[in-house]
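As stored in my_file04.cif (mmCIF, C-alpha atoms):
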```cif
data_query
#
loop_
_atom_site.label_atom_id
_atom_site.label_comp_id
_atom_site.auth_asym_id
_atom_site.auth_seq_id
_atom_site.Cartn_x
_atom_site.Cartn_y
_atom_site.Cartn_z
CA MET A 1 158.35 50.72 0.54
CA LYS A 2 161.77 52.15 1.18
CA ALA A 3 164.52 53.07 -1.23
CA LEU A 4 167.93 54.61 -0.99
CA LEU A 5 168.91 56.44 -4.17
CA GLN A 6 172.49 57.18 -5.03
CA ARG A 7 173.31 59.32 -8.03
CA VAL A 8 176.22 57.54 -9.66
CA SER A 9 178.66 58.08 -12.47
CA GLU A 10 178.89 54.27 -12.66
CA ALA A 11 177.67 51.24 -10.73
CA ARG A 12 177.66 47.48 -11.07
CA VAL A 13 176.57 44.40 -9.17
CA VAL A 14 178.69 41.26 -8.99
CA VAL A 15 177.37 37.83 -7.97
CA ASP A 16 179.73 34.85 -7.74
CA GLY A 17 182.43 36.81 -9.57
CA GLN A 18 180.14 37.70 -12.50
CA VAL A 19 178.81 41.16 -13.32
CA VAL A 20 175.01 40.81 -13.40
CA GLY A 21 174.05 44.50 -13.69
CA ASP A 22 176.04 47.50 -14.89
CA ILE A 23 175.16 51.14 -15.62
CA ALA A 24 177.04 54.32 -16.45
CA HIS A 25 175.57 57.59 -15.11
CA GLY A 26 172.21 57.26 -13.44
CA LEU A 27 170.76 56.00 -10.17
CA LEU A 28 171.60 53.06 -7.97
CA VAL A 29 168.25 52.19 -6.35
CA LEU A 30 168.47 50.07 -3.20
CA LEU A 31 164.89 48.85 -2.75
CA CYS A 32 163.11 47.33 0.26
CA ALA A 33 159.55 46.03 0.29
CA GLU A 34 157.89 46.17 3.68
CA LYS A 35 154.90 44.31 5.11
CA GLY A 36 151.71 45.79 3.70
CA ASP A 37 153.32 47.19 0.54
CA THR A 38 151.52 46.75 -2.78
CA GLU A 39 152.38 47.04 -6.45
CA ALA A 40 150.59 50.42 -6.40
CA VAL A 41 153.02 51.63 -3.71
CA GLY A 42 155.91 50.44 -5.88
CA GLN A 43 154.53 52.25 -8.90
CA LYS A 44 154.11 55.45 -6.88
CA MET A 45 157.74 55.16 -5.74
CA LEU A 46 159.01 54.48 -9.25
CA GLU A 47 157.13 57.44 -10.69
CA LYS A 48 158.65 59.68 -7.99
CA ILE A 49 162.15 58.31 -8.67
CA LEU A 50 161.84 58.89 -12.42
CA LYS A 51 160.76 62.52 -11.88
CA LEU A 52 163.10 63.43 -9.00
CA ARG A 53 165.22 66.37 -10.15
CA ILE A 54 168.69 65.52 -8.84
CA PHE A 55 170.82 65.80 -11.99
CA TYR A 56 172.49 69.03 -13.06
CA ASP A 57 171.14 71.24 -15.81
CA ASP A 58 173.33 73.50 -17.98
CA ALA A 59 173.34 76.14 -15.22
CA GLY A 60 174.72 73.66 -12.68
CA LYS A 61 171.47 73.34 -10.70
CA MET A 62 169.85 70.04 -9.75
CA ASN A 63 166.96 70.51 -12.13
CA LYS A 64 166.86 67.35 -14.27
CA SER A 65 165.53 63.86 -13.65
CA VAL A 66 167.09 60.51 -14.51
CA THR A 67 164.57 60.40 -17.36
CA ASP A 68 165.69 63.81 -18.63
CA VAL A 69 169.36 62.77 -18.72
CA GLN A 70 168.56 59.26 -20.05
CA GLY A 71 170.44 57.79 -17.12
CA GLY A 72 170.47 54.18 -16.10
CA LEU A 73 168.71 52.56 -13.16
CA LEU A 74 170.49 49.78 -11.28
CA ILE A 75 167.82 48.27 -9.02
CA VAL A 76 169.07 46.14 -6.13
CA SER A 77 166.94 44.41 -3.51
CA GLN A 78 167.98 45.54 -0.02
CA PHE A 79 165.83 44.19 2.83
CA THR A 80 168.19 45.70 5.41
CA LEU A 81 166.65 49.12 4.71
CA ALA A 82 163.84 47.86 6.96
CA ALA A 83 166.25 47.71 9.91
CA ASP A 84 164.87 48.86 13.25
CA THR A 85 167.76 49.96 15.45
CA SER A 86 165.68 51.61 18.17
CA SER A 87 166.40 48.92 20.74
CA GLY A 88 169.63 47.10 21.54
CA THR A 89 172.56 46.66 19.19
CA ARG A 90 171.21 44.01 16.84
CA PRO A 91 168.88 45.38 14.13
CA SER A 92 165.42 43.87 13.74
CA PHE A 93 164.07 43.32 10.24
CA THR A 94 160.52 42.37 11.21
CA SER A 95 158.98 45.16 9.11
CA ALA A 96 160.51 43.75 5.90
CA ALA A 97 158.12 41.86 3.65
CA PRO A 98 158.52 38.06 3.74
CA ALA A 99 160.93 36.84 1.05
CA ASP A 100 158.30 35.57 -1.39
CA GLU A 101 156.28 38.79 -1.12
CA GLY A 102 159.43 40.91 -1.33
CA ARG A 103 160.51 39.10 -4.49
CA ARG A 104 157.07 39.56 -6.07
CA LEU A 105 157.06 43.31 -5.31
CA TYR A 106 160.69 43.71 -6.44
CA ASP A 107 159.96 41.90 -9.72
CA ALA A 108 156.88 44.08 -10.28
CA PHE A 109 158.92 47.24 -9.61
CA VAL A 110 161.61 46.12 -12.09
CA ALA A 111 158.99 45.25 -14.74
CA GLN A 112 157.39 48.68 -14.34
CA ALA A 113 160.81 50.36 -14.56
CA LYS A 114 161.57 48.50 -17.79
CA SER A 115 158.21 49.50 -19.20
CA LEU A 116 158.35 53.17 -18.17
CA HIS A 117 162.06 53.98 -18.33
CA ALA A 118 163.63 51.53 -20.74
CA ALA A 119 160.97 50.96 -23.38
CA HIS A 120 163.31 52.19 -26.12
CA ASN A 121 166.61 51.19 -24.51
CA PRO A 122 166.46 48.02 -22.37
CA ALA A 123 170.04 48.58 -21.16
CA LEU A 124 168.83 51.56 -19.09
CA VAL A 125 167.38 49.24 -16.41
CA GLN A 126 169.71 46.72 -14.80
CA THR A 127 169.29 44.66 -11.64
CA GLY A 128 171.01 42.65 -9.00
CA VAL A 129 169.83 39.13 -8.08
CA PHE A 130 167.10 38.98 -5.45
CA GLY A 131 168.31 37.24 -2.30
CA ALA A 132 171.86 36.71 -3.57
CA ASP A 133 175.08 37.70 -1.84
CA MET A 134 175.89 40.72 -4.00
CA LYS A 135 178.91 42.96 -4.23
CA VAL A 136 177.78 46.44 -5.24
CA HIS A 137 180.40 48.74 -6.72
CA LEU A 138 179.58 52.39 -7.29
CA VAL A 139 181.00 55.82 -7.77
CA ASN A 140 178.60 58.15 -5.96
CA ASP A 141 178.36 61.34 -7.98
CA GLY A 142 178.27 64.42 -5.78
CA PRO A 143 177.86 62.60 -3.45
CA VAL A 144 174.10 62.59 -3.77
CA THR A 145 172.25 60.05 -1.61
CA ILE A 146 168.52 60.34 -1.01
CA PRO A 147 166.35 58.15 1.22
CA MET A 148 162.73 57.60 0.21
CA HIS A 149 159.78 56.05 2.03
CA ILE A 150 156.42 55.69 0.28
CA THR A 151 153.34 54.23 1.96
CA ALA A 152 149.88 53.36 0.71
#
```
Mind turning this structure into structure tokens?
Amino acid sequence: MKALLQRVSEARVVVDGQVVGDIAHGLLVLLCAEKGDTEAVGQKMLEKILKLRIFYDDAGKMNKSVTDVQGGLLIVSQFTLAADTSSGTRPSFTSAAPADEGRRLYDAFVAQAKSLHAAHNPALVQTGVFGADMKVHLVNDGPVTIPMHITA
């Protein structure tokens, strides 16, 4: 499973002119399920994301997690993270999970995020719409952008 994390001061997803997900400070999580991924891989990635210390503490050091700062998570499906650009000029996406499997893994990841991160505040976890043409607006804070790749 691949993810691209962006620490944001705000982010939102728009589909057909309507805002479908919106957070203030927190993480924009672009998420890609690949062939062979499992729910356990997704849970491992989520646990890592929730503990990753990339928010500033009082001393100005990146020493706090999104959980510590009670930041939001905006989780957006992004199969293009599976792009293979090693040959030619047109990316190949053959390592991405098939759409039905990708949706199942994405939905499981979101459900786990709501359970672990937003149990007391459901607004902390927002999403895009799987497979939709989305417009993602964000203000990258830092900028801080971190790629992640977790395997079984």
Using only C-alpha atoms, pick whichever of A:Gly21, A:Pro147, A:Gly36, A:Gly71 has the shortest atom-to-atom distance to Glu101 (chain A).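 Closest candidate: A:Gly36.
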Point out the residue among A:Glu47, A:Asp133, A:Asp22, A:Asp57 with the least atom-to-atom distance to Leu74 (chain A), counting only C-alpha atoms. A:Asp22
Please identify all polymer residues within 9 Å of Leu31 (chain A), counting all atoms listed in the file, omitting same-chain residues fewer than 3 positions from it, and present them as a list in words. Met1, Lys2, Ala3, Leu4, Leu5, Ile75, Val76, Ser77, Gln78, Phe79, Leu81 and Tyr106 of chain A
Kindly provide the residues of region 22-104 of chain A that approach region 137-144 of chain A to within 9 Å, each paired with its closest atom pair and their distance in Å to one decimal, based on all atoms listed in the file, listed by chain and increasing number, as CSV.
```
residue,atom,partner,partner_atom,distance
A:His25,CA,A:Asp141,CA,8.5
A:Leu28,CA,A:Leu138,CA,8.0
A:Ile54,CA,A:Val144,CA,8.0
```
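Atom pair CA of Val129 (chain A) / CA of Thr145 (chain A) has a distance of 22.0 Å (rounded to one decimal).
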Just want the 9 Å neighbourhood of Ala96 (chain A), counted on all atoms listed in the file, with same-chain residues fewer than 4 positions away dropped. Output as a ChimeraX atom specification. /A:32-35,79-83,102
How about completing region 75-86 of chain A with all heavy atoms and giving it to me as a PDB file, keeping the file's coordinate frame?
```
ATOM      1  N   ILE A  75     168.761  48.546 -10.097  1.00  0.00           N
ATOM      2  CA  ILE A  75     167.820  48.270  -9.020  1.00  0.00           C
ATOM      3  C   ILE A  75     168.278  47.030  -8.263  1.00  0.00           C
ATOM      4  O   ILE A  75     168.393  45.950  -8.849  1.00  0.00           O
ATOM      5  CB  ILE A  75     166.398  48.080  -9.579  1.00  0.00           C
ATOM      6  CG1 ILE A  75     165.997  49.291 -10.425  1.00  0.00           C
ATOM      7  CG2 ILE A  75     165.409  47.855  -8.436  1.00  0.00           C
ATOM      8  CD1 ILE A  75     164.754  49.073 -11.273  1.00  0.00           C
ATOM      9  N   VAL A  76     168.521  47.212  -6.968  1.00  0.00           N
ATOM     10  CA  VAL A  76     169.070  46.140  -6.130  1.00  0.00           C
ATOM     11  C   VAL A  76     168.175  45.935  -4.920  1.00  0.00           C
ATOM     12  O   VAL A  76     167.871  46.892  -4.208  1.00  0.00           O
ATOM     13  CB  VAL A  76     170.513  46.510  -5.675  1.00  0.00           C
ATOM     14  CG1 VAL A  76     171.076  45.445  -4.755  1.00  0.00           C
ATOM     15  CG2 VAL A  76     171.411  46.739  -6.882  1.00  0.00           C
ATOM     16  N   SER A  77     167.760  44.701  -4.687  1.00  0.00           N
ATOM     17  CA  SER A  77     166.940  44.410  -3.510  1.00  0.00           C
ATOM     18  C   SER A  77     167.795  44.576  -2.256  1.00  0.00           C
ATOM     19  O   SER A  77     168.960  44.171  -2.218  1.00  0.00           O
ATOM     20  CB  SER A  77     166.380  42.986  -3.584  1.00  0.00           C
ATOM     21  OG  SER A  77     167.424  42.036  -3.651  1.00  0.00           O
ATOM     22  N   GLN A  78     167.209  45.192  -1.219  1.00  0.00           N
ATOM     23  CA  GLN A  78     167.980  45.540  -0.020  1.00  0.00           C
ATOM     24  C   GLN A  78     167.071  45.501   1.206  1.00  0.00           C
ATOM     25  O   GLN A  78     166.653  46.532   1.713  1.00  0.00           O
ATOM     26  CB  GLN A  78     168.579  46.937  -0.206  1.00  0.00           C
ATOM     27  CG  GLN A  78     169.456  47.405   0.913  1.00  0.00           C
ATOM     28  CD  GLN A  78     170.798  46.727   0.912  1.00  0.00           C
ATOM     29  OE1 GLN A  78     171.445  46.642  -0.109  1.00  0.00           O
ATOM     30  NE2 GLN A  78     171.218  46.245   2.053  1.00  0.00           N
ATOM     31  N   PHE A  79     166.767  44.296   1.708  1.00  0.00           N
ATOM     32  CA  PHE A  79     165.830  44.190   2.830  1.00  0.00           C
ATOM     33  C   PHE A  79     166.354  44.860   4.086  1.00  0.00           C
ATOM     34  O   PHE A  79     165.563  45.238   4.958  1.00  0.00           O
ATOM     35  CB  PHE A  79     165.469  42.721   3.111  1.00  0.00           C
ATOM     36  CG  PHE A  79     166.468  41.998   3.970  1.00  0.00           C
ATOM     37  CD1 PHE A  79     166.282  41.921   5.343  1.00  0.00           C
ATOM     38  CD2 PHE A  79     167.580  41.395   3.408  1.00  0.00           C
ATOM     39  CE1 PHE A  79     167.198  41.257   6.149  1.00  0.00           C
ATOM     40  CE2 PHE A  79     168.489  40.734   4.202  1.00  0.00           C
ATOM     41  CZ  PHE A  79     168.310  40.659   5.573  1.00  0.00           C
ATOM     42  N   THR A  80     167.655  45.094   4.195  1.00  0.00           N
ATOM     43  CA  THR A  80     168.190  45.700   5.410  1.00  0.00           C
ATOM     44  C   THR A  80     167.786  47.165   5.571  1.00  0.00           C
ATOM     45  O   THR A  80     167.975  47.740   6.641  1.00  0.00           O
ATOM     46  CB  THR A  80     169.721  45.568   5.491  1.00  0.00           C
ATOM     47  OG1 THR A  80     170.304  46.215   4.369  1.00  0.00           O
ATOM     48  CG2 THR A  80     170.139  44.101   5.534  1.00  0.00           C
ATOM     49  N   LEU A  81     167.187  47.768   4.545  1.00  0.00           N
ATOM     50  CA  LEU A  81     166.650  49.120   4.710  1.00  0.00           C
ATOM     51  C   LEU A  81     165.489  49.132   5.697  1.00  0.00           C
ATOM     52  O   LEU A  81     165.121  50.181   6.210  1.00  0.00           O
ATOM     53  CB  LEU A  81     166.191  49.699   3.370  1.00  0.00           C
ATOM     54  CG  LEU A  81     167.291  50.076   2.383  1.00  0.00           C
ATOM     55  CD1 LEU A  81     166.669  50.556   1.076  1.00  0.00           C
ATOM     56  CD2 LEU A  81     168.206  51.132   2.960  1.00  0.00           C
ATOM     57  N   ALA A  82     164.934  47.964   5.997  1.00  0.00           N
ATOM     58  CA  ALA A  82     163.840  47.860   6.960  1.00  0.00           C
ATOM     59  C   ALA A  82     164.357  47.751   8.395  1.00  0.00           C
ATOM     60  O   ALA A  82     163.581  47.558   9.323  1.00  0.00           O
ATOM     61  CB  ALA A  82     162.967  46.650   6.639  1.00  0.00           C
ATOM     62  N   ALA A  83     165.650  47.891   8.587  1.00  0.00           N
ATOM     63  CA  ALA A  83     166.250  47.710   9.910  1.00  0.00           C
ATOM     64  C   ALA A  83     165.646  48.654  10.947  1.00  0.00           C
ATOM     65  O   ALA A  83     165.513  49.852  10.718  1.00  0.00           O
ATOM     66  CB  ALA A  83     167.757  47.932   9.845  1.00  0.00           C
ATOM     67  N   ASP A  84     165.309  48.075  12.087  1.00  0.00           N
ATOM     68  CA  ASP A  84     164.870  48.860  13.250  1.00  0.00           C
ATOM     69  C   ASP A  84     166.005  48.779  14.264  1.00  0.00           C
ATOM     70  O   ASP A  84     166.313  47.708  14.776  1.00  0.00           O
ATOM     71  CB  ASP A  84     163.591  48.263  13.826  1.00  0.00           C
ATOM     72  CG  ASP A  84     163.111  49.004  15.069  1.00  0.00           C
ATOM     73  OD1 ASP A  84     163.797  49.944  15.538  1.00  0.00           O
ATOM     74  OD2 ASP A  84     162.045  48.621  15.594  1.00  0.00           O
ATOM     75  N   THR A  85     166.631  49.911  14.524  1.00  0.00           N
ATOM     76  CA  THR A  85     167.760  49.960  15.450  1.00  0.00           C
ATOM     77  C   THR A  85     167.410  50.700  16.734  1.00  0.00           C
ATOM     78  O   THR A  85     168.295  51.131  17.467  1.00  0.00           O
ATOM     79  CB  THR A  85     168.973  50.656  14.778  1.00  0.00           C
ATOM     80  OG1 THR A  85     168.572  51.974  14.389  1.00  0.00           O
ATOM     81  CG2 THR A  85     169.444  49.876  13.556  1.00  0.00           C
ATOM     82  N   SER A  86     166.115  50.829  17.013  1.00  0.00           N
ATOM     83  CA  SER A  86     165.680  51.610  18.170  1.00  0.00           C
ATOM     84  C   SER A  86     165.961  50.932  19.506  1.00  0.00           C
ATOM     85  O   SER A  86     165.978  51.592  20.533  1.00  0.00           O
ATOM     86  CB  SER A  86     164.193  51.934  18.063  1.00  0.00           C
ATOM     87  OG  SER A  86     163.427  50.752  18.073  1.00  0.00           O
TER      88      SER A  86
END
```
